[in-house]
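A.B. asks: Input structure: input.csv, which contains CSV, C-alpha atoms and all ligand atoms.
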```
chain,number,residue,atom,x,y,z
A,1,MET,CA,-9.0,31.4,24.0
A,2,SER,CA,-8.3,32.9,20.6
A,3,LEU,CA,-7.9,30.0,18.2
A,4,VAL,CA,-7.0,32.1,15.2
A,5,ASN,CA,-4.9,35.2,15.0
A,6,LEU,CA,-6.0,36.3,11.5
A,7,SER,CA,-4.0,39.6,11.5
A,8,GLN,CA,-0.8,37.7,12.2
A,9,ALA,CA,-1.5,35.1,9.5
A,10,ALA,CA,-2.4,37.7,6.9
A,11,ASP,CA,0.7,39.7,7.6
A,12,ALA,CA,2.9,36.7,7.1
A,13,LYS,CA,4.7,36.8,3.8
A,14,ASP,CA,5.5,33.1,4.1
A,15,ARG,CA,5.1,30.6,1.4
A,16,VAL,CA,3.0,27.6,2.0
A,17,SER,CA,4.0,24.3,0.5
A,18,ILE,CA,1.2,22.0,-0.6
A,19,PHE,CA,1.8,18.3,-1.1
A,20,GLU,CA,-0.7,17.1,-3.7
A,21,MET,CA,-2.3,13.7,-2.8
A,22,GLY,CA,-4.9,13.4,-5.6
A,23,ALA,CA,-3.1,10.8,-7.7
A,24,ARG,CA,-2.3,8.5,-4.7
A,25,ASP,CA,-4.6,9.1,-1.7
A,26,GLY,CA,-7.2,10.4,-4.1
A,27,LEU,CA,-7.2,7.4,-6.5
A,28,GLN,CA,-6.3,4.5,-4.2
A,29,ASN,CA,-10.0,3.8,-3.6
A,30,GLU,CA,-11.1,4.2,-7.2
A,31,VAL,CA,-11.3,1.1,-9.3
A,32,ALA,CA,-10.4,0.9,-13.0
A,33,VAL,CA,-8.8,4.3,-13.5
A,34,PRO,CA,-6.8,4.0,-16.7
A,35,THR,CA,-3.1,4.5,-16.3
A,36,ALA,CA,-3.3,7.2,-19.0
A,37,ALA,CA,-5.8,9.2,-16.9
A,38,LYS,CA,-3.5,9.1,-13.9
A,39,ILE,CA,-0.6,10.3,-16.0
A,40,ALA,CA,-2.7,13.1,-17.4
A,41,LEU,CA,-3.8,14.1,-13.9
A,42,ILE,CA,-0.2,14.3,-12.6
A,43,GLU,CA,1.0,16.2,-15.6
A,44,SER,CA,-1.8,18.7,-15.3
A,45,LEU,CA,-1.2,19.2,-11.6
A,46,ALA,CA,2.5,20.0,-12.3
A,47,ASP,CA,1.3,22.4,-15.1
A,48,ALA,CA,-0.9,24.1,-12.4
A,49,GLY,CA,2.2,24.8,-10.3
A,50,LEU,CA,2.3,22.0,-7.8
A,51,LYS,CA,5.8,21.1,-6.9
A,52,ARG,CA,5.2,18.1,-4.7
A,53,ILE,CA,3.0,15.4,-6.1
A,54,GLU,CA,2.4,11.9,-4.6
A,55,ALA,CA,2.2,9.9,-7.8
A,56,GLY,CA,1.5,6.3,-6.5
A,57,SER,CA,2.3,3.6,-4.0
A,58,PHE,CA,4.3,0.5,-4.1
A,59,VAL,CA,2.2,-1.7,-1.8
A,60,SER,CA,0.9,-5.2,-2.2
A,61,PRO,CA,-1.3,-5.3,-5.4
A,62,LYS,CA,-3.4,-7.9,-3.5
A,63,TRP,CA,-4.1,-5.4,-0.8
A,64,VAL,CA,-4.6,-2.3,-3.0
A,65,PRO,CA,-5.0,-3.3,-6.7
A,66,GLN,CA,-5.9,0.3,-7.6
A,67,MET,CA,-2.2,1.3,-7.2
A,68,ALA,CA,-0.8,-1.7,-9.1
A,69,ASP,CA,0.2,0.4,-12.1
A,70,SER,CA,2.3,2.9,-10.1
A,71,ALA,CA,5.5,1.8,-11.8
A,72,ASP,CA,4.0,2.5,-15.2
A,73,VAL,CA,2.7,5.9,-14.0
A,74,LEU,CA,6.0,7.0,-12.7
A,75,LYS,CA,7.9,5.7,-15.7
A,76,GLN,CA,5.6,7.3,-18.3
A,77,ILE,CA,5.0,10.8,-16.8
A,78,GLN,CA,6.6,13.7,-18.6
A,79,ARG,CA,8.6,15.2,-15.7
A,80,GLN,CA,9.0,18.9,-15.0
A,81,SER,CA,12.2,20.0,-13.4
A,82,GLY,CA,11.8,21.2,-9.8
A,83,VAL,CA,8.8,18.9,-9.3
A,84,VAL,CA,9.1,16.1,-6.7
A,85,TYR,CA,7.2,12.9,-7.7
A,86,SER,CA,6.8,10.8,-4.6
A,87,ALA,CA,5.5,7.3,-3.8
A,88,LEU,CA,4.4,5.4,-0.7
A,89,THR,CA,6.6,2.4,0.3
A,90,PRO,CA,5.7,0.2,3.3
A,91,ASN,CA,8.8,-2.0,3.1
A,92,VAL,CA,12.1,-2.8,1.3
A,93,LYS,CA,10.3,-4.5,-1.6
A,94,GLY,CA,8.2,-1.3,-2.2
A,95,PHE,CA,11.3,0.9,-1.9
A,96,GLU,CA,13.2,-1.2,-4.5
A,97,LEU,CA,10.2,-0.9,-6.9
A,98,ALA,CA,10.0,2.9,-6.3
A,99,LEU,CA,13.7,3.2,-6.9
A,100,ASP,CA,13.4,1.3,-10.2
A,101,ALA,CA,10.6,3.6,-11.3
A,102,LYS,CA,12.7,6.7,-10.4
A,103,ALA,CA,10.5,8.1,-7.7
A,104,SER,CA,12.1,11.4,-6.6
A,105,GLU,CA,11.4,10.5,-3.0
A,106,VAL,CA,9.4,7.9,-1.0
A,107,ALA,CA,7.2,7.9,2.1
A,108,ILE,CA,6.9,5.4,4.9
A,109,PHE,CA,3.5,5.2,6.7
A,110,GLY,CA,2.9,4.3,10.3
A,111,ALA,CA,0.1,5.0,12.7
A,112,ALA,CA,-0.6,6.2,16.2
A,113,SER,CA,-3.2,3.4,16.6
A,114,GLN,CA,-2.3,-0.3,16.9
A,115,SER,CA,-5.5,-1.5,15.4
A,116,PHE,CA,-5.2,0.8,12.3
A,117,SER,CA,-1.5,-0.3,11.9
A,118,GLN,CA,-2.6,-3.9,12.0
A,119,ARG,CA,-5.4,-3.4,9.4
A,120,ASN,CA,-3.5,-1.1,7.1
A,121,ILE,CA,-0.1,-2.7,7.0
A,122,ASN,CA,-0.6,-6.0,8.7
A,123,CYS,CA,1.7,-5.4,11.7
A,124,SER,CA,1.9,-3.6,15.0
A,125,ILE,CA,3.4,-0.1,15.4
A,126,GLU,CA,6.6,-1.6,16.7
A,127,GLU,CA,6.9,-4.2,13.9
A,128,SER,CA,6.3,-1.4,11.4
A,129,ILE,CA,9.3,0.6,12.8
A,130,GLU,CA,11.4,-2.6,12.5
A,131,ARG,CA,10.4,-2.9,8.9
A,132,PHE,CA,11.3,0.7,8.2
A,133,ILE,CA,14.9,0.4,9.5
A,134,PRO,CA,16.3,-1.4,6.4
A,135,LEU,CA,14.3,0.8,4.1
A,136,MET,CA,15.7,3.9,5.7
A,137,GLU,CA,19.2,2.5,5.3
A,138,LEU,CA,18.7,1.8,1.6
A,139,ALA,CA,17.2,5.2,1.1
A,140,LYS,CA,20.2,6.8,2.7
A,141,ALA,CA,22.5,4.8,0.6
A,142,HIS,CA,20.7,5.9,-2.6
A,143,ASN,CA,20.3,9.5,-1.4
A,144,ILE,CA,16.5,9.3,-1.6
A,145,PRO,CA,14.6,11.6,0.8
A,146,VAL,CA,12.0,9.8,2.9
A,147,ARG,CA,8.8,11.4,4.3
A,148,GLY,CA,6.9,9.9,7.2
A,149,TYR,CA,3.2,9.6,7.7
A,150,VAL,CA,1.5,9.1,11.0
A,151,SER,CA,-2.2,8.1,10.7
A,152,CYS,CA,-5.1,8.4,13.1
A,153,VAL,CA,-3.6,11.5,14.8
A,154,LEU,CA,-7.1,12.8,15.8
A,155,GLY,CA,-8.9,9.5,16.1
A,156,CYS,CA,-9.0,5.9,14.8
A,157,PRO,CA,-11.8,4.2,13.0
A,158,TYR,CA,-11.3,1.1,15.2
A,159,GLU,CA,-10.2,2.5,18.6
A,160,GLY,CA,-11.8,5.9,18.7
A,161,GLU,CA,-9.8,8.4,20.8
A,162,ILE,CA,-6.0,8.3,20.4
A,163,ALA,CA,-3.7,9.8,23.0
A,164,VAL,CA,-1.8,12.8,21.6
A,165,SER,CA,1.2,11.5,23.5
A,166,GLU,CA,1.2,8.4,21.3
A,167,VAL,CA,1.0,10.6,18.2
A,168,ALA,CA,4.0,12.6,19.4
A,169,ARG,CA,5.9,9.4,20.3
A,170,VAL,CA,5.5,7.7,16.9
A,171,SER,CA,6.2,11.0,15.1
A,172,GLU,CA,9.4,11.5,17.0
A,173,ILE,CA,10.5,7.9,16.2
A,174,LEU,CA,10.0,8.4,12.5
A,175,TYR,CA,11.7,11.8,12.6
A,176,LYS,CA,14.7,10.4,14.5
A,177,MET,CA,14.9,7.5,12.0
A,178,GLY,CA,15.7,10.1,9.3
A,179,CYS,CA,12.3,11.2,7.8
A,180,TYR,CA,12.8,14.7,6.6
A,181,GLU,CA,9.2,15.6,7.4
A,182,ILE,CA,6.4,14.1,9.3
A,183,SER,CA,2.9,14.3,7.9
A,184,LEU,CA,0.2,14.1,10.6
A,185,GLY,CA,-2.9,12.4,9.2
A,186,ASP,CA,-6.5,12.8,10.4
A,187,THR,CA,-7.3,9.7,8.5
A,188,ILE,CA,-11.0,9.8,9.2
A,189,GLY,CA,-11.4,13.6,9.2
A,190,ILE,CA,-12.9,13.6,12.6
A,191,GLY,CA,-10.9,16.3,14.3
A,192,THR,CA,-12.0,19.8,15.3
A,193,PRO,CA,-9.9,23.0,15.5
A,194,GLN,CA,-9.0,23.0,19.2
A,195,LYS,CA,-8.1,19.3,19.2
A,196,ALA,CA,-6.1,19.8,16.0
A,197,ARG,CA,-4.1,22.6,17.6
A,198,ARG,CA,-3.5,20.7,20.8
A,199,MET,CA,-2.3,17.7,18.9
A,200,LEU,CA,0.1,19.8,16.7
A,201,GLN,CA,1.4,21.7,19.8
A,202,THR,CA,2.1,18.4,21.6
A,203,VAL,CA,3.9,16.9,18.6
A,204,ALA,CA,5.9,20.1,18.0
A,205,GLU,CA,7.4,19.6,21.5
A,206,ARG,CA,9.2,16.5,20.1
A,207,VAL,CA,9.6,17.3,16.3
A,208,PRO,CA,10.4,20.8,15.1
A,209,MET,CA,7.4,22.7,13.7
A,210,ASP,CA,9.2,23.3,10.4
A,211,LYS,CA,9.4,19.5,9.9
A,212,LEU,CA,5.7,18.9,10.3
A,213,ALA,CA,2.9,18.7,7.8
A,214,LEU,CA,-0.8,18.4,8.2
A,215,HIS,CA,-2.8,15.8,6.3
A,216,PHE,CA,-6.5,16.3,7.0
A,217,HIS,CA,-9.3,14.3,5.5
A,218,ASP,CA,-12.6,16.3,5.2
A,219,THR,CA,-15.1,13.7,6.2
A,220,TYR,CA,-16.8,16.0,8.7
A,221,GLY,CA,-16.2,19.2,6.8
A,222,GLN,CA,-13.6,20.4,9.4
A,223,ALA,CA,-10.4,20.2,7.5
A,224,LEU,CA,-10.2,23.9,6.4
A,225,ALA,CA,-11.1,25.1,9.9
A,226,ASN,CA,-8.5,22.8,11.5
A,227,ILE,CA,-5.8,24.1,9.2
A,228,LEU,CA,-6.8,27.7,9.9
A,229,ALA,CA,-6.6,27.0,13.6
A,230,CYS,CA,-3.1,25.5,13.2
A,231,LEU,CA,-1.6,28.0,10.7
A,232,ASN,CA,-0.6,30.6,13.3
A,233,LEU,CA,1.3,27.9,15.3
A,234,GLY,CA,3.8,28.1,12.4
A,235,VAL,CA,3.0,25.0,10.3
A,236,ARG,CA,3.5,25.7,6.6
A,237,VAL,CA,3.1,22.3,4.8
A,238,PHE,CA,-0.3,20.9,4.0
A,239,ASP,CA,-1.4,17.8,2.2
A,240,SER,CA,-4.5,18.0,0.1
A,241,SER,CA,-6.2,16.4,-2.9
A,242,VAL,CA,-7.4,18.0,-6.0
A,243,ALA,CA,-11.2,18.0,-6.2
A,244,GLY,CA,-11.2,16.4,-2.7
A,245,LEU,CA,-10.6,13.0,-4.3
A,246,GLY,CA,-10.1,10.0,-2.2
A,247,GLY,CA,-10.2,8.1,1.1
A,248,CYS,CA,-8.2,5.3,2.7
A,249,PRO,CA,-9.2,1.7,1.9
A,250,TYR,CA,-8.7,0.8,5.6
A,251,ALA,CA,-10.8,3.6,7.0
A,252,LYS,CA,-14.3,2.8,5.9
A,253,GLY,CA,-16.5,5.8,5.2
A,254,ALA,CA,-13.7,8.3,5.4
A,255,SER,CA,-13.8,10.8,2.5
A,256,GLY,CA,-11.0,12.4,0.6
A,257,ASN,CA,-8.4,14.9,1.8
A,258,LEU,CA,-9.3,18.6,1.9
A,259,ALA,CA,-9.7,19.8,-1.7
A,260,THR,CA,-6.5,21.5,-2.9
A,261,GLU,CA,-8.6,24.2,-4.6
A,262,ASP,CA,-10.4,25.1,-1.4
A,263,LEU,CA,-7.1,25.3,0.5
A,264,VAL,CA,-5.3,27.4,-2.1
A,265,TYR,CA,-8.3,29.8,-2.3
A,266,MET,CA,-8.2,30.4,1.5
A,267,LEU,CA,-4.4,30.7,1.6
A,268,HIS,CA,-4.3,33.2,-1.3
A,269,GLY,CA,-7.1,35.2,0.3
A,270,MET,CA,-4.9,35.4,3.5
A,271,GLY,CA,-1.9,36.6,1.5
A,272,PHE,CA,0.1,33.4,1.5
A,273,GLU,CA,2.0,32.4,-1.6
A,274,THR,CA,1.6,28.9,-3.0
A,275,GLY,CA,2.9,29.2,-6.6
A,276,ILE,CA,-0.3,27.5,-7.8
A,277,ASP,CA,-2.6,28.7,-10.6
A,278,LEU,CA,-6.1,28.1,-9.2
A,279,GLN,CA,-7.9,28.2,-12.5
A,280,LYS,CA,-5.5,25.5,-14.0
A,281,LEU,CA,-5.9,23.5,-10.8
A,282,ALA,CA,-9.7,23.6,-11.0
A,283,LEU,CA,-9.5,22.4,-14.6
A,284,ALA,CA,-7.2,19.5,-13.6
A,285,GLY,CA,-9.7,18.5,-11.0
A,286,GLN,CA,-12.6,18.8,-13.4
A,287,ALA,CA,-10.9,16.5,-15.9
A,288,ILE,CA,-10.4,13.7,-13.4
A,289,ASN,CA,-14.0,14.2,-12.1
A,290,THR,CA,-15.3,13.7,-15.6
A,291,GLN,CA,-13.1,10.6,-16.0
A,292,LEU,CA,-14.5,9.2,-12.7
A,293,ASN,CA,-18.0,10.4,-13.4
A,294,ARG,CA,-18.3,12.0,-10.0
A,295,ASN,CA,-19.3,15.4,-8.7
A,296,ASN,CA,-16.5,17.9,-7.9
A,297,GLY,CA,-15.6,17.7,-4.2
A,298,SER,CA,-14.2,21.2,-4.2
A,299,LYS,CA,-16.6,24.1,-3.5
A,300,VAL,CA,-14.1,26.6,-4.9
A,301,ALA,CA,-13.6,24.7,-8.1
A,302,THR,CA,-17.4,24.3,-8.5
A,303,ALA,CA,-17.9,28.0,-8.1
A,304,LEU,CA,-15.0,29.0,-10.4
A,305,LEU,CA,-16.0,26.6,-13.2
A,306,ALA,CA,-19.6,27.8,-13.1
A,307,LYS,CA,-18.6,31.4,-14.0
B,1,LIG,C1,2.5,-3.7,3.9
B,1,LIG,C2,1.9,-4.9,3.3
B,1,LIG,C3,2.7,-5.2,2.0
B,1,LIG,C4,2.1,-6.1,4.2
B,1,LIG,O1,1.4,-7.2,3.7
B,1,LIG,P1,1.8,-8.6,4.1
B,1,LIG,O2,0.8,-9.6,3.5
B,1,LIG,O3,1.9,-8.7,5.6
B,1,LIG,O4,3.2,-8.7,3.5
B,1,LIG,P2,4.2,-9.9,3.2
B,1,LIG,O5,5.6,-9.4,3.3
B,1,LIG,O6,3.8,-11.1,4.0
B,1,LIG,O7,3.9,-10.2,1.6
B,1,LIG,C5,2.7,-10.8,1.1
B,1,LIG,C6,2.7,-10.7,-0.4
B,1,LIG,O8,2.7,-9.3,-0.8
B,1,LIG,C7,3.9,-9.0,-1.6
B,1,LIG,N1,4.4,-7.7,-1.2
B,1,LIG,C8,4.8,-7.3,0.0
B,1,LIG,N2,5.2,-6.0,-0.1
B,1,LIG,C9,5.0,-5.6,-1.3
B,1,LIG,C10,5.2,-4.4,-2.0
B,1,LIG,N3,5.7,-3.3,-1.3
B,1,LIG,N4,4.9,-4.2,-3.3
B,1,LIG,C11,4.4,-5.3,-3.9
B,1,LIG,N5,4.1,-6.5,-3.4
B,1,LIG,C12,4.5,-6.7,-2.1
B,1,LIG,C13,4.8,-10.1,-1.3
B,1,LIG,O9,5.7,-10.3,-2.3
B,1,LIG,C14,3.9,-11.3,-1.1
B,1,LIG,O10,3.5,-11.7,-2.4
B,1,LIG,P3,3.1,-13.3,-2.6
B,1,LIG,O11,4.3,-14.0,-2.2
B,1,LIG,O12,1.9,-13.6,-1.7
B,1,LIG,O13,2.7,-13.3,-4.1
B,1,LIG,C15,0.4,-4.8,3.0
B,1,LIG,O14,-0.3,-4.7,4.2
B,1,LIG,C16,0.1,-3.6,2.1
B,1,LIG,O15,0.4,-3.5,1.0
B,1,LIG,N6,-0.6,-2.6,2.7
B,1,LIG,C17,-0.9,-1.4,2.0
B,1,LIG,C18,-1.9,-0.6,2.7
B,1,LIG,C19,-2.2,0.7,1.9
B,1,LIG,O16,-1.7,0.9,0.8
B,1,LIG,N7,-3.0,1.5,2.6
B,1,LIG,C20,-3.3,2.8,2.0
B,1,LIG,C21,-2.2,3.8,2.2
B,1,LIG,S1,-2.0,4.5,3.8
B,1,LIG,C22,-3.1,5.8,3.8
B,1,LIG,O17,-3.8,6.0,2.9
B,1,LIG,C23,-3.0,6.8,5.0
B,1,LIG,C24,-2.2,8.0,4.6
B,1,LIG,C25,-0.8,7.8,4.3
B,1,LIG,O18,-2.8,8.7,3.5
B,1,LIG,C26,-2.3,9.0,5.8
B,1,LIG,C27,-3.6,9.2,6.5
B,1,LIG,O19,-4.6,9.6,5.8
B,1,LIG,O20,-3.8,8.8,7.6
```
Show this structure as structure tokens.
C.D. replies:
Amino acid sequence: MSLVNLSQAADAKDRVSIFEMGARDGLQNEVAVPTAAKIALIESLADAGLKRIEAGSFVSPKWVPQMADSADVLKQIQRQSGVVYSALTPNVKGFELALDAKASEVAIFGAASQSFSQRNINCSIEESIERFIPLMELAKAHNIPVRGYVSCVLGCPYEGEIAVSEVARVSEILYKMGCYEISLGDTIGIGTPQKARRMLQTVAERVPMDKLALHFHDTYGQALANILACLNLGVRVFDSSVAGLGGCPYAKGASGNLATEDLVYMLHGMGFETGIDLQKLALAGQAINTQLNRNNGSKVATALLAK
């Protein structure tokens, strides 16, 4: 079976949309990052051409203290027109805080694994859907777009294998509730190309392909291969994190998202347009790496900056 039809992908004049996760998924595990550094990161990402930036999350500060300054971040950033500044909101309380901080849009986050749902948001999948209903109603009333995440689409840190039918079921519920796009999360970065394709094909039977995004962590170094394998199924939205920052506090050992620089380099090389200036992006990643005193998680940025 041919996993990748490169000639088809290279001919495509499509634009790919990248949702930048560095300031949220990337920093939610990092302690003591000054608010000013988060703001500088977000502003430099917008300068590099990113149009969709997840800027923080309005979750319980007892659960994830690293994101407790999200309101300050959203209120203090210099916004660029045409850039969406998004925030995670697990419930109505989070939504109200995000609204007050003028998030351009919000995201609800569910899971295809009961155990992960319980550990991440302290309720079952069904309870989480119940919690999302009033949030969706409020968002509609305020005209705020809502994105939906489904975690553990290629495996769960507590349950192992997850049925793709369950991924498709939860995705369809979030889509039918009114989420404008469903982001499919390989939370622990365990997937491989054939599995990723099968999962995406199954979900696309219930949610239109142009309403799906892929959110692959790179723990096992498979994220770029998985995206390449999924590209010619028609998916055109990918979540990634500058310098490969991050990980989920409820998925022990999971590393960050695929590095945005590595994704952009591959897409540009294939002829896709992203609107992103790779050199500026690499410098944005380098600045936050220096702040965090860590090595750059992007191979492309490391190579570019060594020139
Ligand atoms: C969902 C809850 C809040 C339930 O937590 P809970 O303890 O069940 O909630 P509760 O309603 O019983 O409230 C408990 C306390 O939290 C407060 N509270 C309640 N809600 C909020 C809020 N929104 N903002 C601020 N405070 C809040 C509430 O006011 C109360 O305060 P107290 O009376 O004890 O002082 C909790 O489990 C939580 O915050 N979880 C966050 C988990 C998280 O952030 N995980 C990481 C993001 S998900 C992810 O990374 C995966 C993703 C999206 O990237 C995709 C992928 O890779 O798979």
A.B. asks: Leaving out Glu105 of chain A and any residue of its chain fewer than 6 positions from it, which residues lie within 7 Å of it when counting only C-alpha atoms, given as a VMD selection string?
C.D. replies: chain A and resid 85 to 87 144 to 146
A.B. asks: Which is closer to Ile77 of chain A than all the others in A:Gly234, A:Gly56, A:Pro193, A:Gly155, using all atoms listed in the file?
C.D. replies: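 So, comparing all the options, the nearest one is A:Gly56.
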A.B. asks: Output as JSON lines one row per residue of chain A within 7 Å of ligand LIG 1 (chain B): the closest atom pair and its distance in Å to one decimal place, counting all atoms listed in the file, sorted by chain and residue number ascending.
C.D. replies:
```
{"residue": "A:Asp25", "atom": "CA", "partner": "B:LIG1", "partner_atom": "O18", "distance": 5.5}
{"residue": "A:Ser57", "atom": "CA", "partner": "B:LIG1", "partner_atom": "O16", "distance": 6.8}
{"residue": "A:Phe58", "atom": "CA", "partner": "B:LIG1", "partner_atom": "N4", "distance": 4.8}
{"residue": "A:Val59", "atom": "CA", "partner": "B:LIG1", "partner_atom": "O15", "distance": 3.8}
{"residue": "A:Ser60", "atom": "CA", "partner": "B:LIG1", "partner_atom": "N5", "distance": 3.7}
{"residue": "A:Pro61", "atom": "CA", "partner": "B:LIG1", "partner_atom": "N5", "distance": 5.9}
{"residue": "A:Lys62", "atom": "CA", "partner": "B:LIG1", "partner_atom": "O8", "distance": 6.8}
{"residue": "A:Trp63", "atom": "CA", "partner": "B:LIG1", "partner_atom": "O15", "distance": 5.2}
{"residue": "A:Val64", "atom": "CA", "partner": "B:LIG1", "partner_atom": "O16", "distance": 5.8}
{"residue": "A:Thr89", "atom": "CA", "partner": "B:LIG1", "partner_atom": "N3", "distance": 6.0}
{"residue": "A:Pro90", "atom": "CA", "partner": "B:LIG1", "partner_atom": "C1", "distance": 5.1}
{"residue": "A:Asn91", "atom": "CA", "partner": "B:LIG1", "partner_atom": "N3", "distance": 5.5}
{"residue": "A:Val92", "atom": "CA", "partner": "B:LIG1", "partner_atom": "N3", "distance": 6.9}
{"residue": "A:Lys93", "atom": "CA", "partner": "B:LIG1", "partner_atom": "N3", "distance": 4.8}
{"residue": "A:Gly94", "atom": "CA", "partner": "B:LIG1", "partner_atom": "N3", "distance": 3.3}
{"residue": "A:Phe109", "atom": "CA", "partner": "B:LIG1", "partner_atom": "C25", "distance": 5.6}
{"residue": "A:Asn120", "atom": "CA", "partner": "B:LIG1", "partner_atom": "C18", "distance": 4.7}
{"residue": "A:Ile121", "atom": "CA", "partner": "B:LIG1", "partner_atom": "O14", "distance": 3.4}
{"residue": "A:Asn122", "atom": "CA", "partner": "B:LIG1", "partner_atom": "O14", "distance": 4.7}
{"residue": "A:Cys123", "atom": "CA", "partner": "B:LIG1", "partner_atom": "O3", "distance": 6.9}
{"residue": "A:Tyr149", "atom": "CA", "partner": "B:LIG1", "partner_atom": "C25", "distance": 5.5}
{"residue": "A:Val150", "atom": "CA", "partner": "B:LIG1", "partner_atom": "O20", "distance": 6.3}
{"residue": "A:Ser151", "atom": "CA", "partner": "B:LIG1", "partner_atom": "O20", "distance": 3.6}
{"residue": "A:Cys152", "atom": "CA", "partner": "B:LIG1", "partner_atom": "O20", "distance": 5.7}
{"residue": "A:Gly185", "atom": "CA", "partner": "B:LIG1", "partner_atom": "O20", "distance": 4.0}
{"residue": "A:Asp186", "atom": "CA", "partner": "B:LIG1", "partner_atom": "O20", "distance": 5.6}
{"residue": "A:Thr187", "atom": "CA", "partner": "B:LIG1", "partner_atom": "O20", "distance": 3.7}
{"residue": "A:His215", "atom": "CA", "partner": "B:LIG1", "partner_atom": "O19", "distance": 6.5}
{"residue": "A:His217", "atom": "CA", "partner": "B:LIG1", "partner_atom": "O19", "distance": 6.7}
{"residue": "A:Gly247", "atom": "CA", "partner": "B:LIG1", "partner_atom": "O17", "distance": 7.0}
{"residue": "A:Cys248", "atom": "CA", "partner": "B:LIG1", "partner_atom": "O17", "distance": 4.5}
{"residue": "A:Pro249", "atom": "CA", "partner": "B:LIG1", "partner_atom": "C20", "distance": 6.0}
{"residue": "A:Tyr250", "atom": "CA", "partner": "B:LIG1", "partner_atom": "N7", "distance": 6.5}
```
A.B. asks: Give me, as a CSV table (one decimal) with C-alpha atoms, in the coordinates of the input, all polymer residues having an atom no more than 7 Å from Ile162 of chain A, counting all atoms listed in the file and skipping those fewer than 3 positions away in the same chain.
C.D. replies:
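Once written, out-v8.csv looks like this:
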```csv
chain,number,residue,atom,x,y,z
A,113,SER,CA,-3.2,3.4,16.6
A,153,VAL,CA,-3.6,11.5,14.8
A,154,LEU,CA,-7.1,12.8,15.8
A,155,GLY,CA,-8.9,9.5,16.1
A,156,CYS,CA,-9.0,5.9,14.8
```
A.B. asks: Report as CSV: every residue of segment 39-93 of chain A with an atom at most 10 Å from segment 287-303 of chain A, its closest pair of atoms, and their distance in Å to one decimal, counting only C-alpha atoms, with rows sorted by chain and ascending residue number.
C.D. replies:
```
residue,atom,partner,partner_atom,distance
A:Ala40,CA,A:Ile288,CA,8.7
A:Leu41,CA,A:Ile288,CA,6.6
A:Ser44,CA,A:Ala287,CA,9.4
```
A.B. asks: Could you tell me how far atom CA of Gln80 of chain A lies from atom CA of Val106 of chain A, in Å and to one decimal?
C.D. replies: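 It comes out at 17.8 Å.
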A.B. asks: Do you have the atom CA of Asp210 of chain A-atom CA of Ile182 of chain A distance handy?
C.D. replies: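 Going from atom CA of Asp210 of chain A over to atom CA of Ile182 of chain A, I get 9.7 Å.
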A.B. asks: Which distance in Å separates atom CA of Leu305 of chain A and atom CA of Leu278 of chain A, to one decimal?
C.D. replies: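 Computed distance, atom CA of Leu305 of chain A to atom CA of Leu278 of chain A, equals 10.8 Å.
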A.B. asks: Any idea what's packed within 10 Å of Ile227 of chain A, counting all atoms listed in the file, ignoring anything in its chain fewer than 3 positions away? Could you give it as a list in words?
C.D. replies: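 The contact residues come out as Thr192, Pro193, Ala196, Arg197, Leu214, His215, Phe216, Gln222, Ala223, Leu224, Cys230, Leu231, Asn232, Val235, Arg236, Phe238, Leu258 and Leu263 of chain A.
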A.B. asks: Take the point (-6.3, 27.3, -0.4) in the file's coordinates, draw a sphere of radius 10 Å around it, and report as a compact mmCIF listing (two decimals) with C-alpha atoms, in the frame of the given file every protein, DNA or RNA residue with an atom inside or on it, counting all atoms listed in the file.
C.D. replies:
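selection24.txt, freshly written:
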```txt
# COMPACT_ATOMS: atom_id res chain seq x y z
CA VAL A 16 3.00 27.60 2.00
CA ILE A 18 1.20 22.00 -0.60
CA LEU A 224 -10.20 23.90 6.40
CA PHE A 238 -0.30 20.90 4.00
CA SER A 240 -4.50 18.00 0.10
CA LEU A 258 -9.30 18.60 1.90
CA ALA A 259 -9.70 19.80 -1.70
CA THR A 260 -6.50 21.50 -2.90
CA GLU A 261 -8.60 24.20 -4.60
CA ASP A 262 -10.40 25.10 -1.40
CA LEU A 263 -7.10 25.30 0.50
CA VAL A 264 -5.30 27.40 -2.10
CA TYR A 265 -8.30 29.80 -2.30
CA MET A 266 -8.20 30.40 1.50
CA LEU A 267 -4.40 30.70 1.60
CA HIS A 268 -4.30 33.20 -1.30
CA GLY A 269 -7.10 35.20 0.30
CA MET A 270 -4.90 35.40 3.50
CA PHE A 272 0.10 33.40 1.50
CA GLU A 273 2.00 32.40 -1.60
CA THR A 274 1.60 28.90 -3.00
CA ILE A 276 -0.30 27.50 -7.80
CA LEU A 278 -6.10 28.10 -9.20
CA VAL A 300 -14.10 26.60 -4.90
```
A.B. asks: Which neighbours of Ala48 of chain A fall inside 9 Å, counting all atoms listed in the file, when residues of the same chain fewer than 5 positions from it are skipped, and could you give them as an MDAnalysis selection string?
C.D. replies: chainID A and resid 43 275:282 284
A.B. asks: For Gln118 of chain A, which residue among A:Arg79, A:Glu159, A:Gly49, A:Asp69 is the nearest when counting only C-alpha atoms?
C.D. replies: A:Glu159
A.B. asks: A:Ile39, A:Leu135, A:Ile173, A:Ala168: which is nearest Leu99 of chain A, counting all atoms listed in the file?
C.D. replies: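 Closest to Leu99 of chain A, using all atoms listed in the file: A:Leu135.
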A.B. asks: Excluding Gly82 of chain A and residues on its chain fewer than 6 positions from it, collect all residues at most 12 Å away from it, counting only C-alpha atoms, and give them as JSON, numbers by chain.
C.D. replies: {"A": [46, 47, 49, 50, 51, 52, 53, 104]}
A.B. asks: Could you tell me which of A:Ala251, A:Val33, A:Val167, A:Ile108 comes closest to Leu88 of chain A if we count only C-alpha atoms?
C.D. replies: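 Among the listed residues, the smallest separation from Leu88 of chain A belongs to A:Ile108.
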